[in-house]
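See below for the structure under consideration.
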Amino acid sequence: MACSLRSILSDEVHYAQAFQVYLDNSTEHECMQEFISKDLPNIISGTGQRKSSINVLGIGSGTGKVDIQLLSKLQAQCPGVKVNNHVVDPNSDHLSKYKELVSKSSDLGNINFTWHNRTVEEYQSEMDDKKEQIKYDFIHMIQVLYYVKDVKKTINYFRNCLAPGGNLLIIVASGNSVSDTLWKEHGQFCPKDGTISILTSSDVKTILDEHRVNYEYYLLPSEIDISECYVQGSRDGELLLDFMTHTVDFFKVAPSDRVVAFLDILKQQDRSDEKDGKLFLKNHLEAIVISQ
């Protein structure tokens with residue numbers, strides 16, 4: 001039956017809509033903002049020293065909301081230094097919104113943007129075809145490793161793209177969060193078409209440990225308001241379910257017993273909390289930093 005379910009990645013407009021509903025109902029960006037404000041300055045403290053320009057690479061940058069915050073911190077750390085910012089994302093709708101956000105920002109004057117409407121694999125292939133590889137002072141891969149075909153190969157590839165003193169930032173679901181058991185024990189709720197990798201920070205750390213790579217990590221507590229998922233006829237609830245199961249129209253096309261089972265899983269006491277009449281799913285993230 002899983003084969004009859006269609007991956008949300010097959011429809012980029014639907015994905016963009018579902019992703020926005022997810023962001024509107026989660027504290028994902030808020031916990032990232034706190035990390036950027038509190039921890040990132042120390043991580044990038046050496047970036048740009050004795051350089052007239054630095055190279056930054058955003059993999060799966062989406063609509064750019066988090067990217068702009070990262071770039072602002074880099075600018076503050078490297079006053080007067082030119083920033084060559086490369087943006088990679090396969091979703092053209094997201095890139096359009098990112099470009100619109102840049103056009104409305106007045107403090108990005110020393111940043112040059114290069115846009116790559118590509119998947120991670122397409123970008124890697126594009127770079128491999130060039131005679132001279134770009135070395136990056138800062139690379140960030142935020143909530144993107146779920147969508148690559150070979151996680152280990154991707155991490156190692158971009159580690160090798162770091163300039164001396166550069167940093168690679170990876171943010172994924174925490175291995176100590178609900179996501180670990182939710183996806184690994186109940187991944188049958190997602191389409192099995194190879195478009196989604198079910199992984200958490202524990203998997204990333206295992207890969208790094210295998211290659212004896214040093215890293216630091218930071219827990220980013222987060223939650224999702226999933227109340228609308230239990231409201232009959234709620235479009236936001238349906239889109240939120242679509243994003244969490246990575247399925248187009250999950251509520252409508254999945255067998256009813258599967259929908260009920262998934263909703264029951266979400267509201268189990270160890271996975272969610274009820275506050276002020278609303279239900280919040282625990283959805284902690286983890287930031288992993290690799291330094292060159």
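Simple scheme: letters A, B, ... for chains in structure tokens order, numbers from 1 for residues in each chain, numbers from 1 for ligands in the order shown.
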
Inset, instruction - Pick out each residue of region 83-247 of chain A that DSSP on the backbone tags as alpha helix (DSSP H); I need them as a PyMOL selection string. - result: chain A and resi 92-104+120-128+151-159+178-186+201-210+235-245

Legend entry - Residue contacts of region 111-119 of chain A (7 Å, only C-alpha atoms) excluding same-chain residues fewer than 5 positions away, as a ChimeraX atom specification: /A:82-92

Inset, instruction - Can you pull out every residue within 6 Å of Leu279 (chain A), counting only C-alpha atoms, but drop anything in the same chain fewer than 6 positions away, and send it as a PyMOL selection string? - result: chain A and resi 225-227+273

Inset, instruction - Using only C-alpha atoms, determine which residues lie at most 9 Å from Gln124 (chain A), disregarding the query and same-chain residues fewer than 6 positions distant; provide the list as a list of chain:residue names. - result: A:Thr154, A:Tyr157, A:Phe158

Kindly provide the residues of region 92-178 of chain A that approach region 194-215 of chain A to within 8 Å, each paired with its closest atom pair and their distance in Å to one decimal, based on only C-alpha atoms, listed by chain and increasing number, as a tab-separated table.
```
residue	atom	partner	partner_atom	distance
A:Leu145	CA	A:Ser197	CA	7.4
A:Tyr146	CA	A:Ser197	CA	4.5
A:Tyr147	CA	A:Ile196	CA	5.2
A:Val148	CA	A:Ser197	CA	7.2
A:Lys149	CA	A:Thr195	CA	7.4
A:Lys152	CA	A:Ile207	CA	6.4
A:Ile171	CA	A:Ser201	CA	7.9
A:Val172	CA	A:Ser201	CA	5.9
A:Ala173	CA	A:Thr200	CA	4.9
A:Ser174	CA	A:Ser201	CA	5.0
A:Gly175	CA	A:Ser202	CA	4.8
```

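Nearest residue to Asn160 (chain A), choosing from A:Met32, A:Ile290, A:Val21, A:Val81 and counting only C-alpha atoms: A:Ile290.
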
Inset, instruction - Select, from A:Ile288, A:Val253, A:Leu220, A:Ile170, the residue with the minimum atom-to-atom distance to Met141 (chain A), counting only C-alpha atoms. - result: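 Of A:Ile288, A:Val253, A:Leu220, A:Ile170, the one nearest Met141 (chain A), counting only C-alpha atoms, is A:Ile170.
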
Inset, instruction - Name the closest residue to Gly64 (chain A) among the candidates A:Ile142, A:Ile44, A:Ile265, A:Cys31; distances are taken between atoms, counting only C-alpha atoms. - result: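 Result for the nearest residue to Gly64 (chain A): A:Ile142.
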